[in-house]
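Asker: The following file, structure.csv, comprises CSV, C-alpha atoms and all ligand atoms:
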chain,number,residue,atom,x,y,z
Y,1,MET,CA,0.0,0.0,0.0
Y,2,GLN,CA,1.3,3.5,-0.9
Y,3,LEU,CA,1.2,5.9,2.0
Y,4,PHE,CA,0.7,9.6,1.3
Y,5,LEU,CA,0.8,12.5,3.7
Y,6,ASP,CA,-2.2,14.8,3.8
Y,7,THR,CA,-0.5,18.1,4.5
Y,8,THR,CA,0.8,21.4,3.4
Y,9,ASP,CA,3.3,21.7,6.3
Y,10,VAL,CA,6.7,21.6,4.5
Y,11,ALA,CA,8.7,21.2,7.8
Y,12,VAL,CA,6.6,18.3,8.9
Y,13,LEU,CA,6.8,16.7,5.5
Y,14,LYS,CA,10.6,17.1,5.4
Y,15,ASP,CA,10.8,15.4,8.7
Y,16,LEU,CA,8.6,12.4,7.8
Y,17,ALA,CA,9.9,12.1,4.2
Y,18,ALA,CA,13.3,11.3,5.9
Y,19,THR,CA,11.8,7.9,7.0
Y,20,GLY,CA,11.6,6.9,3.3
Y,21,LEU,CA,8.0,5.8,3.9
Y,22,VAL,CA,6.2,8.7,2.3
Y,23,ASP,CA,5.2,7.8,-1.2
Y,24,GLY,CA,3.3,11.0,-2.0
Y,25,VAL,CA,1.4,14.0,-0.7
Y,26,THR,CA,-2.2,15.3,-1.0
Y,27,THR,CA,-3.4,18.8,-0.3
Y,28,ASN,CA,-6.7,20.5,-0.4
Y,29,PRO,CA,-7.9,24.1,-0.3
Y,30,SER,CA,-8.5,23.9,3.5
Y,31,LEU,CA,-4.9,22.8,4.1
Y,32,ILE,CA,-3.6,25.6,1.8
Y,33,ALA,CA,-5.7,28.1,3.8
Y,34,LYS,CA,-4.3,26.6,7.1
Y,35,SER,CA,-0.7,27.0,5.9
Y,36,GLY,CA,-1.3,30.7,5.2
Y,37,ARG,CA,1.0,30.4,2.2
Y,38,ASN,CA,0.8,30.9,-1.6
Y,39,MET,CA,-0.5,27.7,-3.1
Y,40,LEU,CA,1.8,27.6,-6.1
Y,41,GLU,CA,4.9,28.1,-3.9
Y,42,VAL,CA,3.9,25.4,-1.4
Y,43,ILE,CA,3.1,22.9,-4.2
Y,44,ALA,CA,6.5,23.6,-5.9
Y,45,GLU,CA,8.3,23.1,-2.5
Y,46,ILE,CA,6.5,19.9,-1.8
Y,47,CYS,CA,7.3,18.6,-5.3
Y,48,ASP,CA,11.0,19.2,-4.7
Y,49,LEU,CA,10.8,17.2,-1.5
Y,50,VAL,CA,8.8,14.2,-2.7
Y,51,GLU,CA,9.4,12.2,-5.9
Y,52,GLY,CA,5.9,10.6,-5.8
Y,53,PRO,CA,2.6,12.1,-6.7
Y,54,VAL,CA,1.6,15.4,-5.2
Y,55,SER,CA,-2.1,16.3,-5.4
Y,56,ALA,CA,-3.0,20.0,-6.0
Y,57,GLU,CA,-6.6,20.9,-6.1
Y,58,VAL,CA,-8.4,23.2,-8.5
Y,59,ALA,CA,-10.6,26.0,-7.1
Y,60,ALA,CA,-12.9,26.4,-10.1
Y,61,THR,CA,-16.3,24.7,-10.5
Y,62,ALA,CA,-16.7,25.0,-14.3
Y,63,ALA,CA,-14.9,22.4,-16.4
Y,64,ASP,CA,-13.2,24.9,-18.7
Y,65,GLN,CA,-11.9,26.9,-15.7
Y,66,MET,CA,-10.8,23.6,-14.0
Y,67,LEU,CA,-8.9,22.8,-17.2
Y,68,ALA,CA,-7.1,26.1,-17.2
Y,69,GLU,CA,-6.2,25.9,-13.5
Y,70,GLY,CA,-5.2,22.2,-13.8
Y,71,ARG,CA,-2.9,22.8,-16.7
Y,72,LYS,CA,-1.2,25.6,-14.7
Y,73,LEU,CA,-0.8,23.3,-11.7
Y,74,ALA,CA,0.5,20.4,-13.8
Y,75,GLY,CA,3.1,22.8,-15.2
Y,76,ILE,CA,4.6,23.3,-11.7
Y,77,ALA,CA,6.3,19.8,-11.7
Y,78,THR,CA,6.0,16.5,-13.4
Y,79,ASN,CA,4.7,14.8,-10.2
Y,80,VAL,CA,1.7,17.1,-9.8
Y,81,VAL,CA,-1.6,15.3,-9.8
Y,82,VAL,CA,-4.6,17.6,-10.5
Y,83,LYS,CA,-7.3,17.2,-7.9
Y,84,VAL,CA,-10.8,17.8,-9.0
Y,85,PRO,CA,-14.1,17.6,-7.2
Y,86,LEU,CA,-16.5,14.7,-8.0
Y,87,THR,CA,-19.1,16.8,-9.9
Y,88,ARG,CA,-20.4,16.5,-13.4
Y,89,GLU,CA,-18.1,19.4,-14.4
Y,90,GLY,CA,-15.2,17.8,-12.5
Y,91,LEU,CA,-15.6,14.6,-14.4
Y,92,MET,CA,-15.8,16.4,-17.7
Y,93,ALA,CA,-12.5,18.0,-16.9
Y,94,THR,CA,-11.1,14.7,-15.7
Y,95,ARG,CA,-11.8,13.1,-19.1
Y,96,GLU,CA,-10.0,15.9,-20.9
Y,97,PHE,CA,-7.1,15.8,-18.5
Y,98,ALA,CA,-6.8,12.0,-19.2
Y,99,HIS,CA,-6.7,12.8,-23.0
Y,100,GLU,CA,-3.9,15.3,-22.3
Y,101,GLY,CA,-1.9,12.9,-20.2
Y,102,ILE,CA,-2.4,14.9,-17.0
Y,103,GLN,CA,-2.9,12.8,-13.9
Y,104,THR,CA,-6.0,13.4,-11.7
Y,105,ASN,CA,-7.2,12.7,-8.2
Y,106,VAL,CA,-11.0,12.9,-8.1
Y,107,THR,CA,-11.9,14.0,-4.6
Y,108,LEU,CA,-15.0,14.2,-2.4
Y,109,CYS,CA,-16.2,10.8,-3.4
Y,110,PHE,CA,-19.0,9.4,-1.1
Y,111,SER,CA,-20.6,6.7,-3.2
Y,112,ALA,CA,-19.6,3.7,-5.3
Y,113,ALA,CA,-21.7,5.1,-8.2
Y,114,GLN,CA,-19.6,8.3,-8.1
Y,115,ALA,CA,-16.4,6.2,-8.1
Y,116,MET,CA,-17.6,4.2,-11.1
Y,117,LEU,CA,-18.2,7.4,-13.1
Y,118,ALA,CA,-14.7,8.7,-12.1
Y,119,ALA,CA,-13.1,5.6,-13.3
Y,120,LYS,CA,-15.0,5.8,-16.6
Y,121,ALA,CA,-13.8,9.4,-17.0
Y,122,GLY,CA,-10.2,8.1,-16.7
Y,123,ALA,CA,-9.3,9.3,-13.2
Y,124,THR,CA,-5.9,8.3,-12.0
Y,125,TYR,CA,-7.0,8.2,-8.4
Y,126,ILE,CA,-10.4,8.2,-6.7
Y,127,SER,CA,-10.5,9.6,-3.1
Y,128,PRO,CA,-13.3,8.2,-1.0
Y,129,PHE,CA,-13.7,10.2,2.2
Y,130,ILE,CA,-13.8,7.6,5.0
Y,131,GLY,CA,-13.9,9.7,8.1
Y,132,ARG,CA,-16.5,12.1,6.8
Y,133,LEU,CA,-18.8,9.1,6.0
Y,134,ASP,CA,-18.3,7.8,9.5
Y,135,ASP,CA,-19.1,11.2,10.9
Y,136,HIS,CA,-22.3,11.1,8.8
Y,137,GLY,CA,-23.4,7.8,10.4
Y,138,ALA,CA,-22.3,5.5,7.6
Y,139,ASP,CA,-19.4,3.1,7.5
Y,140,GLY,CA,-16.7,4.6,5.3
Y,141,MET,CA,-14.9,1.4,4.9
Y,142,ASP,CA,-17.8,-0.3,3.2
Y,143,LEU,CA,-17.4,2.2,0.4
Y,144,ILE,CA,-13.7,1.2,-0.1
Y,145,THR,CA,-14.9,-2.5,-0.3
Y,146,GLU,CA,-17.6,-1.6,-2.8
Y,147,ILE,CA,-15.3,0.4,-5.0
Y,148,ARG,CA,-12.6,-2.3,-4.9
Y,149,ALA,CA,-15.2,-4.9,-6.1
Y,150,ILE,CA,-16.5,-2.7,-8.9
Y,151,TYR,CA,-13.0,-1.7,-10.2
Y,152,ASP,CA,-11.9,-5.3,-10.1
Y,153,ASN,CA,-15.0,-6.5,-11.9
Y,154,TYR,CA,-14.3,-4.2,-14.8
Y,155,ASP,CA,-10.5,-3.9,-14.7
Y,156,PHE,CA,-10.6,-0.2,-14.1
Y,157,ASP,CA,-7.0,1.2,-13.6
Y,158,THR,CA,-8.1,4.0,-11.3
Y,159,GLU,CA,-6.3,3.7,-8.0
Y,160,ILE,CA,-8.3,3.8,-4.8
Y,161,LEU,CA,-6.9,6.5,-2.5
Y,162,ALA,CA,-8.5,6.3,1.0
Y,163,ALA,CA,-8.9,9.8,2.3
Y,164,SER,CA,-10.3,11.6,5.3
Y,165,VAL,CA,-8.4,9.1,7.4
Y,166,ARG,CA,-8.5,9.7,11.1
Y,167,SER,CA,-6.7,6.8,12.8
Y,168,PRO,CA,-4.3,3.9,12.4
Y,169,ALA,CA,-7.3,1.6,12.5
Y,170,HIS,CA,-8.6,3.4,9.4
Y,171,VAL,CA,-5.3,2.8,7.6
Y,172,THR,CA,-5.3,-0.9,8.5
Y,173,ALA,CA,-8.9,-1.4,7.5
Y,174,ALA,CA,-8.3,0.5,4.2
Y,175,ALA,CA,-5.4,-1.8,3.5
Y,176,LEU,CA,-7.5,-4.9,4.2
Y,177,ALA,CA,-10.3,-3.7,2.0
Y,178,GLY,CA,-7.9,-3.3,-0.9
Y,179,ALA,CA,-7.3,0.4,-1.2
Y,180,ASP,CA,-4.2,1.1,-3.3
Y,181,CYS,CA,-3.1,4.2,-1.3
Y,182,CYS,CA,-4.0,6.0,1.8
Y,183,THR,CA,-3.5,9.6,2.6
Y,184,ILE,CA,-2.8,10.3,6.2
Y,185,PRO,CA,-2.6,13.4,8.4
Y,186,PRO,CA,1.0,13.7,9.9
Y,187,ALA,CA,-0.2,13.0,13.5
Y,188,THR,CA,-1.9,9.8,12.5
Y,189,PHE,CA,1.2,8.8,10.4
Y,190,LEU,CA,3.3,9.1,13.5
Y,191,ASP,CA,0.8,7.0,15.5
Y,192,LEU,CA,1.3,4.2,12.9
Y,193,PHE,CA,4.8,3.6,14.4
Y,194,LYS,CA,3.5,3.2,18.0
Y,195,HIS,CA,2.4,0.3,20.1
Y,196,PRO,CA,2.6,0.3,24.0
Y,197,LEU,CA,4.0,-3.3,23.9
Y,198,THR,CA,6.9,-2.1,21.6
Y,199,ASP,CA,7.8,0.6,24.2
Y,200,ARG,CA,7.5,-1.8,27.1
Y,201,GLY,CA,9.5,-4.5,25.4
Y,202,LEU,CA,12.2,-2.2,24.3
Y,203,GLU,CA,12.5,-0.8,27.8
Y,204,ALA,CA,13.0,-4.3,29.2
Y,205,PHE,CA,15.5,-5.2,26.5
Y,206,LEU,CA,17.6,-2.1,27.1
Y,207,LYS,CA,17.6,-2.7,30.8
Y,208,ASP,CA,18.7,-6.3,30.4
Y,209,TRP,CA,21.4,-5.3,27.9
Y,210,ALA,CA,22.8,-2.6,30.2
Y,211,GLY,CA,23.1,-5.3,32.8
Y,212,THR,CA,25.4,-7.4,30.6
Y,213,GLY,CA,27.9,-4.5,30.5
Y,214,GLN,CA,28.6,-5.3,26.8
Y,215,SER,CA,28.9,-3.0,23.8
Y,216,ILE,CA,28.4,-4.0,20.2
Y,217,LEU,CA,30.7,-1.3,18.8
W,1,LIG,O1,-7.6,15.7,1.6
W,1,LIG,C1,-8.8,15.3,1.8
W,1,LIG,C2,-9.1,14.6,3.1
W,1,LIG,O2,-8.1,13.7,3.5
W,1,LIG,C3,-9.8,15.5,4.2
W,1,LIG,O3,-9.8,14.9,5.4
W,1,LIG,O4,-10.2,15.0,7.9
W,1,LIG,O5,-10.8,17.0,6.5
W,1,LIG,O6,-12.2,14.9,6.4
W,1,LIG,P1,-10.8,15.4,6.6
Just give me the structure as structure tokens.
Ligand code: G3P
Answerer:
Amino acid sequence: MQLFLDTTDVAVLKDLAATGLVDGVTTNPSLIAKSGRNMLEVIAEICDLVEGPVSAEVAATAADQMLAEGRKLAGIATNVVVKVPLTREGLMATREFAHEGIQTNVTLCFSAAQAMLAAKAGATYISPFIGRLDDHGADGMDLITEIRAIYDNYDFDTEILAASVRSPAHVTAAALAGADCCTIPPATFLDLFKHPLTDRGLEAFLKDWAGTGQSIL
């Protein structure tokens, strides 16, 4: 499973990219607003730090404007993926981007029918929003399972990018349900490393090792 960071915080990204475990980055207009920075500059910086796909979202709602914005974003770096909302206009733009060889991430997906349309439009990635579905009283993970089955039934190439992920349990469940990628907020990414038994076990090993008086180097 590919792990992406859902962030516009360049310092945090630099720190976590050093683990070698960050395969890509996703951003959205809310994260850009939170950064307080110029979008084009942040995306360029992120693309310098990460070799993998970096999603940058259009702000327009009409297909022709999305195309203009998306072409500009795609011009920033070869690893930019243009993120478009799952609307009729968004999928029209997605289809054209596919013809032009521009990669897309179709976002704000909340149903399997929407995901099927995105795949037919030639989306590179589909982003089902797990956490927001859970917040809404549904089971976000069921959506991943349904999309996986539909994409496999028809050999769609579109990759399932689990988004709106809120916990390590979401990451594990998305992996079990067959998502291709998962985009994770930095705090949750850090939580993936942790287990109390790891801490307890290491503490005991270190104590016992110190008691031997030995040194490996
Ligand atoms: O980038 C899209 C998505 O990951 C947003 O997550 O937590 O705002 O629902 P959230």
Asker: Using CA of Ser30 in chain Y and CA of Ala123 in chain Y as the two end points, give the distance in Å to one decimal.
Answerer: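 CA of Ala123 in chain Y lies at a distance of 22.2 Å from CA of Ser30 in chain Y.
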Asker: Hey, which of Y:Cys181, Y:Ala121, Y:Ala173, Y:Val12 ends up closest to ligand LIG 1 (chain W)? Count all atoms listed in the file.
Answerer: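 For ligand LIG 1 (chain W), the nearest of the given residues is Y:Cys181.
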Asker: Y:Val82, Y:Ala115, Y:Ala33, Y:Leu202: which is nearest Ser127 in chain Y, counting only C-alpha atoms?
Answerer: Y:Ala115
Asker: Which neighbours of range 183-186 of chain Y fall inside 7 Å, counting only C-alpha atoms, when residues of the same chain fewer than 6 positions from it are skipped, and could you give them as number ranges by chain?
Answerer: Y: 3-7, 26, 161-163, 165
Asker: At a cut-off of 12 Å and counting only C-alpha atoms and all ligand atoms, what residues surround ligand LIG 1 (chain W)? Please answer as a PyMOL selection string.
Answerer: chain Y and resi 4-8+25-32+34+54-57+83-85+105-110+126-136+140+161-167+170-171+181-188
Asker: Taking (-10.6, -0.9, -4.3) in the file's coordinates, which residues come within 7 Å, counting only C-alpha atoms, written as a PyMOL selection string?
Answerer: chain Y and resi 144-145+147-149+151+160+177-180
Asker: Please report the interatomic distance between CA of Asp199 in chain Y and CA of Gln2 in chain Y in Å with one decimal.
Answerer: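 Here the two named atoms are 26.1 Å from each other.
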Asker: How many Å separate CA of Asn38 in chain Y from CA of Ala63 in chain Y?
Answerer: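 Spanning CA of Asn38 in chain Y to CA of Ala63 in chain Y is a straight-line distance of 23.2 Å.
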Asker: For Leu143 in chain Y, which of Y:Leu192, Y:Ala112, Y:Ala119, Y:Val42 is the closest residue, counting all atoms listed in the file?
Answerer: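 Of Y:Leu192, Y:Ala112, Y:Ala119, Y:Val42, the one nearest Leu143 in chain Y, counting all atoms listed in the file, is Y:Ala112.
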